[in-house]
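Listing of entry.txt; format and content: compact mmCIF, C-alpha atoms.
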# COMPACT_ATOMS: atom_id res chain seq x y z
CA LEU A 1 117.11 100.42 84.19
CA ASP A 2 113.91 99.76 86.16
CA PRO A 3 113.35 96.04 85.43
CA HIS A 4 110.10 94.26 86.26
CA ALA A 5 109.24 90.56 85.86
CA VAL A 6 106.46 87.94 85.93
CA LEU A 7 106.29 84.16 85.59
CA MET A 8 104.66 83.34 82.25
CA ASP A 9 102.49 80.32 81.38
CA ASP A 10 105.40 78.60 79.60
CA ASP A 11 107.33 78.54 82.93
CA LYS A 12 109.76 81.22 81.80
CA VAL A 13 110.27 84.52 83.57
CA GLY A 14 109.43 87.48 81.35
CA VAL A 15 111.44 90.62 82.12
CA VAL A 16 110.80 94.12 80.83
CA TYR A 17 113.13 97.06 81.36
CA ASP A 18 113.89 100.63 80.27
CA LYS A 19 116.89 100.77 77.92
CA TYR A 20 118.92 103.86 77.06
CA TYR A 21 120.41 103.58 73.57
CA ARG A 22 122.74 105.87 71.63
CA ASN A 23 123.25 105.56 67.89
CA LEU A 24 125.17 107.93 65.62
CA GLY A 25 124.90 110.77 68.12
CA THR A 26 121.15 110.32 68.69
CA ASP A 27 119.75 109.17 72.05
CA TYR A 28 116.76 106.84 72.37
CA PHE A 29 114.66 105.27 75.12
CA LYS A 30 113.49 101.70 74.51
CA VAL A 31 111.12 99.24 76.21
CA SER A 32 112.97 95.92 76.00
CA PHE A 33 111.94 92.36 76.89
CA PHE A 34 113.78 89.10 77.53
CA THR A 35 113.12 85.74 79.22
CA VAL A 36 114.85 83.54 81.78
CA SER A 37 114.32 79.75 81.67
CA ALA A 38 114.35 77.39 84.66
CA ASP A 39 117.88 76.26 83.76
CA GLY A 40 119.11 79.84 83.90
CA THR A 41 119.21 80.46 80.15
CA VAL A 42 118.71 84.14 79.35
CA SER A 43 117.29 84.97 75.93
CA SER A 44 118.35 87.85 73.74
CA ASP A 45 116.23 90.94 74.30
CA SER A 46 113.59 92.36 71.97
CA ASP A 47 112.86 96.07 71.64
CA LEU A 48 109.09 96.61 71.86
CA TYR A 49 108.98 100.41 71.72
CA THR A 50 111.50 103.12 70.79
CA ARG A 51 111.32 106.88 71.11
CA LEU A 52 113.67 109.84 71.11
CA THR A 53 114.71 110.84 74.60
CA GLY A 54 112.50 113.27 76.52
CA THR A 55 112.27 114.63 80.05
CA GLN A 56 110.61 111.44 81.34
CA ARG A 57 111.89 107.91 80.81
CA LEU A 58 109.62 104.92 80.09
CA HIS A 59 109.65 103.03 83.43
CA PRO A 60 107.74 99.93 82.22
CA CYS A 61 106.02 97.25 84.29
CA ILE A 62 104.48 93.90 83.32
CA VAL A 63 101.44 91.99 84.61
CA LYS A 64 99.98 88.59 83.68
CA LEU A 65 96.20 88.22 83.44
CA PRO A 66 94.34 85.01 84.38
CA ASP A 67 94.11 83.93 80.71
CA GLY A 68 97.90 84.18 80.34
CA ARG A 69 97.87 87.48 78.48
CA LEU A 70 100.85 89.72 79.24
CA ASN A 71 100.30 93.46 79.55
CA ILE A 72 103.24 95.85 79.54
CA TYR A 73 102.56 99.44 80.59
CA HIS A 74 105.02 102.29 80.09
CA TYR A 75 105.06 106.09 80.16
CA LEU A 76 104.33 107.94 76.94
CA GLU A 77 105.37 111.59 77.07
CA ASP A 78 103.73 114.39 75.09
CA VAL A 79 106.66 116.83 75.02
CA VAL A 80 104.56 119.56 73.38
CA ASN A 81 101.86 119.66 76.06
CA ASP A 82 104.03 118.40 78.96
CA LEU A 83 101.77 115.46 79.73
CA VAL A 84 102.46 111.78 80.40
CA GLN A 85 100.04 109.08 79.31
CA VAL A 86 100.51 105.32 79.73
CA GLN A 87 100.78 103.02 76.72
CA LEU A 88 99.69 99.37 76.71
CA ILE A 89 101.57 96.68 74.78
CA SER A 90 100.14 93.16 74.97
CA SER A 91 101.10 89.56 74.12
CA THR A 92 98.94 86.42 73.98
CA ASP A 93 101.79 83.99 73.18
CA ASN A 94 104.19 84.29 76.14
CA GLY A 95 106.05 87.23 74.68
CA ALA A 96 106.76 85.80 71.22
CA THR A 97 104.83 88.63 69.56
CA TRP A 98 103.51 91.95 70.84
CA GLN A 99 100.84 94.43 69.79
CA THR A 100 100.30 98.04 70.82
CA VAL A 101 96.75 98.05 72.19
CA SER A 102 96.32 101.62 73.45
CA SER A 103 98.37 104.79 73.75
CA ASN A 104 96.11 106.48 76.31
CA VAL A 105 94.89 104.11 79.00
CA LEU A 106 94.71 106.83 81.68
CA SER A 107 91.53 108.83 82.13
CA ASP A 108 93.66 111.74 83.34
CA PRO A 109 97.25 112.12 82.10
CA ILE A 110 99.87 113.50 84.48
CA ASN A 111 101.17 117.05 84.19
CA VAL A 112 104.99 116.99 83.90
CA ASP A 113 105.44 120.71 83.27
CA SER A 114 108.62 121.95 84.92
CA GLY A 115 106.65 124.59 86.84
CA SER A 116 105.35 124.23 90.38
CA SER A 117 102.08 122.64 89.23
CA GLY A 118 103.87 119.77 87.49
CA TYR A 119 105.38 116.47 88.58
CA ASP A 120 108.59 114.64 87.76
CA LEU A 121 108.18 110.90 87.10
CA ASP A 122 111.89 110.37 86.56
CA GLU A 123 113.43 111.48 89.86
CA ARG A 124 114.72 108.54 91.90
CA PRO A 125 113.37 107.01 94.01
CA SER A 126 109.97 108.29 92.81
CA ALA A 127 110.53 106.89 89.32
CA LYS A 128 108.37 103.78 89.29
CA MET A 129 105.02 102.39 88.12
CA ARG A 130 103.36 99.17 89.27
CA VAL A 131 100.18 97.40 88.09
CA ALA A 132 98.51 94.28 89.53
CA TYR A 133 95.41 92.16 88.85
CA SER A 134 93.08 90.76 91.51
CA GLY A 135 89.45 89.61 91.42
CA GLY A 136 88.53 91.18 88.08
CA GLN A 137 90.11 94.55 88.84
CA MET A 138 93.50 96.10 88.16
CA LEU A 139 95.31 98.60 90.36
CA MET A 140 97.93 101.01 89.02
CA ILE A 141 100.12 103.18 91.25
CA ILE A 142 102.53 105.73 89.77
CA CYS A 143 105.18 107.28 92.01
CA ALA A 144 105.81 110.97 91.38
CA ARG A 145 107.70 113.93 92.80
CA SER A 146 106.07 117.36 92.87
CA ASN A 147 108.00 120.25 91.36
CA ASP A 148 106.56 122.56 94.03
CA THR A 149 109.34 123.04 96.57
CA SER A 150 108.12 126.40 97.86
CA THR A 151 105.67 125.19 100.50
CA GLY A 152 105.86 123.16 103.67
CA SER A 153 104.10 120.23 102.05
CA PHE A 154 105.78 116.99 101.08
CA GLU A 155 107.07 116.33 97.57
CA ASP A 156 106.91 112.54 96.98
CA GLY A 157 103.54 110.84 96.50
CA PHE A 158 101.29 108.64 94.37
CA PHE A 159 98.83 108.72 91.50
CA GLN A 160 96.33 105.86 91.87
CA TYR A 161 94.26 104.45 88.99
CA ALA A 162 91.83 101.52 88.78
CA SER A 163 90.51 99.37 85.93
CA SER A 164 87.58 96.97 85.57
CA ASP A 165 88.18 96.05 81.90
CA ASN A 166 91.40 94.00 82.21
CA GLY A 167 93.62 97.05 82.03
CA LEU A 168 92.40 98.58 78.78
CA THR A 169 91.41 101.81 80.54
CA PHE A 170 92.19 103.19 84.00
CA GLU A 171 90.08 105.62 85.98
CA LYS A 172 91.86 108.07 88.27
CA VAL A 173 91.11 107.28 91.92
CA GLU A 174 93.24 109.86 93.68
CA GLU A 175 96.34 111.99 93.62
CA TRP A 176 97.89 111.38 97.02
CA GLY A 177 100.71 113.79 97.54
CA ARG A 178 101.67 116.84 99.56
CA THR A 179 100.15 115.30 102.74
CA ILE A 180 102.46 112.26 102.71
CA ASN A 181 106.06 111.54 101.84
CA GLY A 182 105.58 108.20 100.10
CA THR A 183 107.40 106.37 97.32
CA GLN A 184 108.37 102.99 95.83
CA ALA A 185 104.87 101.48 95.87
CA GLU A 186 104.71 97.69 95.33
CA ILE A 187 101.41 95.82 94.78
CA VAL A 188 100.79 92.15 95.61
CA PRO A 189 97.42 90.45 94.86
CA SER A 190 95.81 88.60 97.79
CA THR A 191 92.48 87.10 98.81
CA ASN A 192 91.74 90.50 100.37
CA GLY A 193 92.24 92.29 97.05
CA PHE A 194 95.54 94.17 96.89
CA GLU A 195 98.38 94.45 99.41
CA VAL A 196 100.29 97.71 98.87
CA PHE A 197 103.75 98.27 100.31
CA PHE A 198 105.57 101.61 100.17
CA ASN A 199 108.26 103.66 101.85
CA GLN A 200 107.24 106.56 104.04
CA TYR A 201 109.49 109.30 105.38
CA ALA A 202 108.16 111.33 108.28
CA THR A 203 109.66 114.52 109.68
CA SER A 204 108.84 113.86 113.33
CA GLY A 205 108.86 110.97 115.78
CA SER A 206 111.56 108.63 117.06
CA THR A 207 111.43 106.51 113.91
CA THR A 208 111.06 108.50 110.73
CA GLN A 209 111.74 105.92 107.99
CA PHE A 210 109.22 103.13 107.40
CA VAL A 211 108.06 100.36 105.10
CA ARG A 212 104.27 100.66 105.19
CA ARG A 213 101.59 98.11 104.31
CA ARG A 214 97.98 98.90 103.44
CA SER A 215 95.28 96.54 102.17
CA LEU A 216 92.66 97.50 99.55
CA ALA A 217 89.53 95.39 99.05
CA SER A 218 89.00 97.21 95.76
CA ALA A 219 91.28 99.04 93.35
CA PHE A 220 88.76 101.90 93.48
CA ILE A 221 89.32 102.53 97.21
CA PRO A 222 91.77 105.43 97.74
CA LEU A 223 95.04 104.24 99.25
CA SER A 224 95.09 107.32 101.48
CA THR A 225 91.97 106.11 103.33
CA ALA A 226 93.32 102.63 104.19
CA ALA A 227 94.87 101.91 107.58
CA ASP A 228 98.53 101.07 108.17
CA LEU A 229 98.97 97.36 108.97
CA ASP A 230 101.71 95.78 111.04
CA GLY A 231 104.18 93.38 109.51
CA PRO A 232 106.95 94.84 107.36
CA ASN A 233 108.05 97.11 110.22
CA VAL A 234 110.19 94.13 111.25
CA LEU A 235 112.61 95.37 108.59
CA GLN A 236 113.49 98.24 110.93
CA THR A 237 114.63 95.92 113.73
CA GLY A 238 118.01 96.70 115.28
CA ASN A 239 119.19 100.16 114.23
CA PHE A 240 118.21 99.84 110.58
CA ASP A 241 116.49 102.46 108.43
CA PRO A 242 114.80 100.98 105.32
CA CYS A 243 115.00 104.27 103.39
CA LEU A 244 116.46 107.75 103.73
CA GLY A 245 114.81 111.16 103.53
CA SER A 246 115.90 114.74 103.78
CA GLY A 247 113.66 117.75 104.24
CA ARG A 248 110.38 117.12 102.41
CA SER A 249 111.53 114.36 100.03
CA PHE A 250 113.38 111.06 99.77
CA THR A 251 117.04 110.73 98.93
CA GLU A 252 117.12 106.90 98.81
CA ALA A 253 114.45 104.19 98.91
CA GLU A 254 113.99 100.82 97.23
CA ILE A 255 111.56 97.98 97.92
CA ALA A 256 110.22 94.95 96.04
CA ALA A 257 107.60 92.34 96.94
CA CYS A 258 106.14 89.11 95.57
CA VAL A 259 104.44 85.85 96.60
CA ALA A 260 106.69 82.83 96.06
CA ASP A 261 106.09 79.18 95.18
CA ASP A 262 105.89 78.33 98.90
CA GLY A 263 102.89 80.66 99.34
CA GLN A 264 104.81 83.17 101.43
CA LEU A 265 104.94 86.88 100.66
CA TYR A 266 108.46 88.30 100.55
CA VAL A 267 109.47 91.95 100.91
CA ILE A 268 112.96 93.27 100.21
CA ALA A 269 114.07 96.75 101.26
CA ARG A 270 117.37 98.57 100.80
CA GLY A 271 118.46 100.65 103.77
CA LYS A 272 121.28 101.58 106.13
CA LEU A 273 122.65 100.90 109.59
CA THR A 274 122.25 103.72 112.09
CA ALA A 275 124.73 102.44 114.71
CA GLY A 276 128.06 100.63 114.84
CA SER A 277 131.20 101.01 112.76
CA PHE A 278 129.25 100.49 109.53
CA ALA A 279 126.65 103.16 110.26
CA SER A 280 126.36 105.26 107.15
CA SER A 281 124.25 107.67 105.15
CA ALA A 282 124.52 105.23 102.23
CA CYS A 283 121.47 102.96 101.89
CA GLY A 284 123.47 99.95 100.72
CA ASP A 285 122.20 96.94 102.70
CA LEU A 286 119.40 94.66 101.49
CA ARG A 287 117.05 93.09 104.02
CA ILE A 288 114.30 90.53 103.41
CA CYS A 289 111.27 89.49 105.45
CA ALA A 290 108.40 87.07 104.85
CA ASP A 291 104.68 86.87 105.58
CA PRO A 292 103.76 83.16 105.92
CA SER A 293 100.12 83.91 105.03
CA GLY A 294 101.07 85.24 101.60
CA GLY A 295 99.41 88.57 102.40
CA ASN A 296 96.04 86.95 103.17
CA SER A 297 96.13 87.73 106.90
CA ARG A 298 95.88 91.37 107.88
CA GLY A 299 97.32 90.66 111.33
CA GLN A 300 100.20 88.40 110.29
CA SER A 301 103.62 88.82 111.89
CA TYR A 302 106.49 89.03 109.42
CA GLU A 303 109.77 87.16 109.89
CA LEU A 304 113.25 88.39 109.07
CA LEU A 305 115.14 85.96 106.82
CA GLY A 306 118.80 85.68 105.92
CA GLN A 307 121.76 85.20 108.24
CA GLY A 308 123.38 88.61 108.20
CA THR A 309 127.15 88.95 108.03
CA SER A 310 130.09 89.23 110.41
CA GLY A 311 131.16 91.98 112.77
CA ASP A 312 128.87 94.88 113.59
CA GLU A 313 126.34 93.73 111.02
CA ALA A 314 125.86 90.37 112.77
CA GLY A 315 124.94 91.43 116.25
CA THR A 316 127.03 93.93 118.17
CA VAL A 317 124.50 96.70 117.54
CA GLY A 318 121.33 94.64 117.59
CA ASP A 319 119.54 91.90 115.71
CA ARG A 320 120.89 91.79 112.15
CA GLY A 321 118.85 88.92 110.74
CA GLY A 322 117.42 89.46 107.31
CA THR A 323 120.49 90.88 105.57
CA ILE A 324 121.18 89.36 102.14
CA PHE A 325 123.49 92.06 100.77
CA PHE A 326 125.89 94.12 102.87
CA ALA A 327 127.64 97.19 101.45
CA GLU A 328 129.70 97.83 104.62
CA GLY A 329 128.58 101.44 104.72
CA GLY A 330 129.71 102.05 101.15
CA THR A 331 127.86 103.46 98.16
CA ASP A 332 128.31 100.37 95.97
CA TYR A 333 124.92 98.65 95.99
CA PRO A 334 122.10 97.38 93.70
CA ARG A 335 119.26 99.71 92.74
CA TYR A 336 116.05 99.72 90.63
CA PHE A 337 114.46 96.47 91.86
CA GLY A 338 112.13 94.09 90.06
CA MET A 339 111.31 90.85 91.91
CA CYS A 340 109.62 87.66 90.73
CA ALA A 341 109.14 84.18 92.22
CA ALA A 342 109.70 81.20 89.89
CA HIS A 343 111.50 77.87 89.60
CA GLY A 344 111.71 77.41 93.37
CA ARG A 345 113.62 80.63 93.90
CA ILE A 346 113.22 84.40 93.99
CA TYR A 347 114.69 86.45 91.18
CA LEU A 348 115.76 90.00 91.95
CA PHE A 349 116.54 91.98 88.81
CA HIS A 350 118.36 95.25 89.35
CA ASN A 351 120.80 97.78 88.00
CA ALA A 352 124.25 96.56 88.78
CA ARG A 353 125.62 99.05 91.27
CA ALA A 354 125.12 102.64 92.29
CA GLY A 355 128.81 103.31 92.96
CA THR A 356 130.71 101.41 90.27
CA ALA A 357 130.85 103.67 87.26
CA THR A 358 131.50 100.95 84.67
CA ASP A 359 128.44 98.97 85.83
CA ASP A 360 125.93 101.74 86.47
CA ASN A 361 123.95 101.10 83.31
CA SER A 362 124.03 97.30 83.20
CA LEU A 363 121.28 94.92 84.30
CA TRP A 364 122.02 92.13 86.78
CA MET A 365 120.07 89.20 88.22
CA MET A 366 120.31 87.98 91.82
CA THR A 367 118.73 84.62 92.75
CA LEU A 368 117.65 83.76 96.28
CA GLY A 369 117.08 80.11 97.23
CA GLY A 370 116.50 77.22 94.87
CA TYR A 371 119.10 75.17 93.07
CA GLN A 372 120.44 74.41 89.61
CA THR A 373 121.94 71.22 88.17
CA ALA A 374 125.55 71.58 87.02
CA THR A 375 128.06 69.06 85.63
CA LEU A 376 131.47 69.43 87.29
CA GLY A 377 134.75 68.73 85.54
CA THR A 378 137.23 66.06 86.60
CA THR A 379 139.87 68.47 87.88
Starting from the file, give its structure as structure tokens.
Amino acid sequence: LDPHAVLMDDDKVGVVYDKYYRNLGTDYFKVSFFTVSADGTVSSDSDLYTRLTGTQRLHPCIVKLPDGRLNIYHYLEDVVNDLVQVQLISSTDNGATWQTVSSNVLSDPINVDSGSSGYDLDERPSAKMRVAYSGGQMLMIICARSNDTSTGSFEDGFFQYASSDNGLTFEKVEEWGRTINGTQAEIVPSTNGFEVFFNQYATSGSTTQFVRRRSLASAFIPLSTAADLDGPNVLQTGNFDPCLGSGRSFTEAEIAACVADDGQLYVIARGKLTAGSFASSACGDLRICADPSGGNSRGQSYELLGQGTSGDEAGTVGDRGGTIFFAEGGTDYPRYFGMCAAHGRIYLFHNARAGTATDDNSLWMMTLGGYQTATLGTT
């Protein structure tokens, strides 16, 4: 589960994901890696790290540095002391070989004790880590859910870390939780520094589910102090909620973002219709929007893409542009997104389906745009 991808210097897409493996009655978590070539060829996967199962899974992410180096970060749980560190695995040859560089890149590990002072890093949708490079700095955001359910505060939030040594060490910037219901943070580098997108669930107001955007000139600026920027709110057009919350936490949320070959910034969110015959509590529809400036303009309007589908989805309950996957109100939909632009298209890696039992643990690839050359038969 939880795939993440980058375009490497050899023009292949490198994909890392969290693998659950069972052998002779023993369960393991693995960080696994594979590549996708421009012609669609998918390599066999390589296991880069293996551990016995614990309370927290590995949730890896991958980032490419300006010199082509690949850094993979993943959770490393200390089950004795109930702490989670982040381990760094690196490659300088486009993923052919890997070396463990550090097993404690965080200045302050995260408390995952089951008591009220601890956090859960494995509770969907707050089960995600993202890292990005921009202008000599690296920004890391870890999504977490507080175990404290006894107060009126929110439960889903973020741990923010920053690095100025190419990701070898990360300094804690802030722990932003309890005052916000936020999850599914995505980071896109821009000329401004870092564009951060995340879901927010509010408990008051006419619209309570959002995709937020905030811009950071430095990785060391707390995300909580940045202003909300317009743009991705277009995803909420026409009776559509881009996430779902209940009480003080999220029940469903999923977003992904990247800058494509055409220079545009794309954001995908999974949500649900709130009107019409396909209105549902199941967040099964995927919508996509684009920022023509690539995230460089703080005042840019975003555009819905995609053509929607027929019936209620197309227009009888409002503007349905932007839909690229339609679950018709059902619970059968992709989850755990990792998006990457390459080869003239957008790749969306995801777990197969949430509602098809035989596919729940498989990894699928959706391609948006582009083309491939194929030789057709004579019949």
Fewer than 4 positions away in the same chain doesn't count, so skip those; otherwise give me all residues within 10 Å of A:Ser224, counting only C-alpha atoms, as a list in words.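 With the cut-off at 10 Å, the set is Phe158, Gln160, Glu174, Glu175, Trp176, Gly177, Thr179, Ile180, Arg214 and Asp228 of chain A.
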Mind running stretch 168-249 of chain A against stretch 109-126 of chain A at 9 Å and telling me each contacting residue's nearest atom pair with the distance in Å (one decimal), counting only C-alpha atoms, chain and number ascending, as a tab-separated table?
residue	atom	partner	partner_atom	distance
A:Gly182	CA	A:Ser126	CA	8.5
A:Thr183	CA	A:Ser126	CA	5.5
A:Gln184	CA	A:Ser126	CA	6.3
Non-local contacts of A:Thr35 (8 Å; all atoms listed in the file; under 5 positions in same chain excluded) as a PDB file with C-alpha atoms, in the coordinates of the input:
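Saved to part_10.pdb:
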ATOM      1  CA  LYS A  12     109.760  81.220  81.800  1.00  0.00           C
ATOM      2  CA  VAL A  13     110.270  84.520  83.570  1.00  0.00           C
ATOM      3  CA  GLY A  14     109.430  87.480  81.350  1.00  0.00           C
ATOM      4  CA  VAL A  15     111.440  90.620  82.120  1.00  0.00           C
ATOM      5  CA  VAL A  42     118.710  84.140  79.350  1.00  0.00           C
ATOM      6  CA  SER A  43     117.290  84.970  75.930  1.00  0.00           C
ATOM      7  CA  SER A  44     118.350  87.850  73.740  1.00  0.00           C
ATOM      8  CA  ASP A  45     116.230  90.940  74.300  1.00  0.00           C
TER       9      ASP A  45
END
Residue contacts of stretch 298-305 of chain A (7 Å, only C-alpha atoms) excluding same-chain residues fewer than 4 positions away, as a short mmCIF file (atom, residue, chain, number, x, y, z; two decimals) with C-alpha atoms, in the coordinates of the input:
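And here's part.cif as it stands now:
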data_model
loop_
_atom_site.label_atom_id
_atom_site.label_comp_id
_atom_site.auth_asym_id
_atom_site.auth_seq_id
_atom_site.Cartn_x
_atom_site.Cartn_y
_atom_site.Cartn_z
CA LEU A 229 98.97 97.36 108.97
CA ASP A 230 101.71 95.78 111.04
CA GLY A 231 104.18 93.38 109.51
CA PRO A 232 106.95 94.84 107.36
CA VAL A 234 110.19 94.13 111.25
CA ILE A 288 114.30 90.53 103.41
CA CYS A 289 111.27 89.49 105.45
CA ALA A 290 108.40 87.07 104.85
CA ASP A 291 104.68 86.87 105.58
CA SER A 293 100.12 83.91 105.03
CA GLY A 321 118.85 88.92 110.74
CA GLY A 322 117.42 89.46 107.31
#
What is the distance, in Å and to one decimal place, between atom CA of A:Arg178 and atom CA of A:Leu58?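 Interatomic distance here is 24.2 Å.
Atom CA of A:Gln87 sits 18.5 Å away from atom CA of A:Val173.
Nearest to A:Gly338 of all the residues A:Ser163, A:Thr251, A:Thr208, A:Thr367 is A:Thr367, based on only C-alpha atoms.
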Env of A:Asn181: 10 Å cut, atoms = all atoms listed in the file, seq-sep filter 2 positions within chain, self excluded. Answer as a PDB file with C-alpha atoms, keeping the file's coordinate frame.
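Once written, selection_8.pdb looks like this:
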ATOM      1  CA  ARG A 145     107.700 113.930  92.800  1.00  0.00           C
ATOM      2  CA  SER A 153     104.100 120.230 102.050  1.00  0.00           C
ATOM      3  CA  PHE A 154     105.780 116.990 101.080  1.00  0.00           C
ATOM      4  CA  GLU A 155     107.070 116.330  97.570  1.00  0.00           C
ATOM      5  CA  ASP A 156     106.910 112.540  96.980  1.00  0.00           C
ATOM      6  CA  GLY A 157     103.540 110.840  96.500  1.00  0.00           C
ATOM      7  CA  PHE A 158     101.290 108.640  94.370  1.00  0.00           C
ATOM      8  CA  TRP A 176      97.890 111.380  97.020  1.00  0.00           C
ATOM      9  CA  GLY A 177     100.710 113.790  97.540  1.00  0.00           C
ATOM     10  CA  ARG A 178     101.670 116.840  99.560  1.00  0.00           C
ATOM     11  CA  THR A 179     100.150 115.300 102.740  1.00  0.00           C
ATOM     12  CA  THR A 183     107.400 106.370  97.320  1.00  0.00           C
ATOM     13  CA  ASN A 199     108.260 103.660 101.850  1.00  0.00           C
ATOM     14  CA  GLN A 200     107.240 106.560 104.040  1.00  0.00           C
ATOM     15  CA  TYR A 201     109.490 109.300 105.380  1.00  0.00           C
ATOM     16  CA  ALA A 202     108.160 111.330 108.280  1.00  0.00           C
ATOM     17  CA  THR A 203     109.660 114.520 109.680  1.00  0.00           C
ATOM     18  CA  GLY A 245     114.810 111.160 103.530  1.00  0.00           C
ATOM     19  CA  ARG A 248     110.380 117.120 102.410  1.00  0.00           C
ATOM     20  CA  SER A 249     111.530 114.360 100.030  1.00  0.00           C
ATOM     21  CA  PHE A 250     113.380 111.060  99.770  1.00  0.00           C
TER      22      PHE A 250
END
Could N, CA, C and O atoms be built for stretch 93-105 of chain A and written out as a short mmCIF file (atom, residue, chain, number, x, y, z; two decimals), keeping the file's coordinate frame?
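In the end it all went to part.cif:
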data_model
loop_
_atom_site.label_atom_id
_atom_site.label_comp_id
_atom_site.auth_asym_id
_atom_site.auth_seq_id
_atom_site.Cartn_x
_atom_site.Cartn_y
_atom_site.Cartn_z
N ASP A 93 101.00 85.19 73.47
CA ASP A 93 101.79 83.99 73.18
C ASP A 93 103.11 83.97 73.95
O ASP A 93 104.16 83.67 73.42
N ASN A 94 103.02 84.32 75.24
CA ASN A 94 104.19 84.29 76.14
C ASN A 94 105.35 85.14 75.64
O ASN A 94 106.52 84.78 75.78
N GLY A 95 105.01 86.28 75.06
CA GLY A 95 106.05 87.23 74.68
C GLY A 95 106.69 86.99 73.34
O GLY A 95 107.66 87.69 72.98
N ALA A 96 106.18 86.04 72.55
CA ALA A 96 106.76 85.80 71.22
C ALA A 96 106.46 86.95 70.28
O ALA A 96 107.30 87.36 69.47
N THR A 97 105.24 87.47 70.37
CA THR A 97 104.83 88.63 69.56
C THR A 97 104.09 89.61 70.45
O THR A 97 103.48 89.23 71.44
N TRP A 98 104.12 90.89 70.05
CA TRP A 98 103.51 91.95 70.84
C TRP A 98 102.72 92.89 69.95
O TRP A 98 103.09 93.09 68.78
N GLN A 99 101.66 93.47 70.50
CA GLN A 99 100.84 94.43 69.79
C GLN A 99 100.59 95.65 70.69
O GLN A 99 100.33 95.48 71.89
N THR A 100 100.68 96.83 70.10
CA THR A 100 100.30 98.04 70.82
C THR A 100 98.78 98.13 70.85
O THR A 100 98.14 98.20 69.80
N VAL A 101 98.21 98.10 72.03
CA VAL A 101 96.75 98.05 72.19
C VAL A 101 96.17 99.45 72.37
O VAL A 101 95.13 99.78 71.81
N SER A 102 96.83 100.28 73.17
CA SER A 102 96.32 101.62 73.45
C SER A 102 97.48 102.54 73.82
O SER A 102 98.44 102.11 74.46
N SER A 103 97.37 103.79 73.40
CA SER A 103 98.37 104.79 73.75
C SER A 103 97.85 105.81 74.76
O SER A 103 98.52 106.81 75.02
N ASN A 104 96.67 105.54 75.30
CA ASN A 104 96.11 106.48 76.31
C ASN A 104 95.17 105.73 77.26
O ASN A 104 93.96 105.96 77.25
N VAL A 105 95.74 104.89 78.10
CA VAL A 105 94.89 104.11 79.00
C VAL A 105 94.43 104.92 80.21
O VAL A 105 93.47 104.53 80.88
#
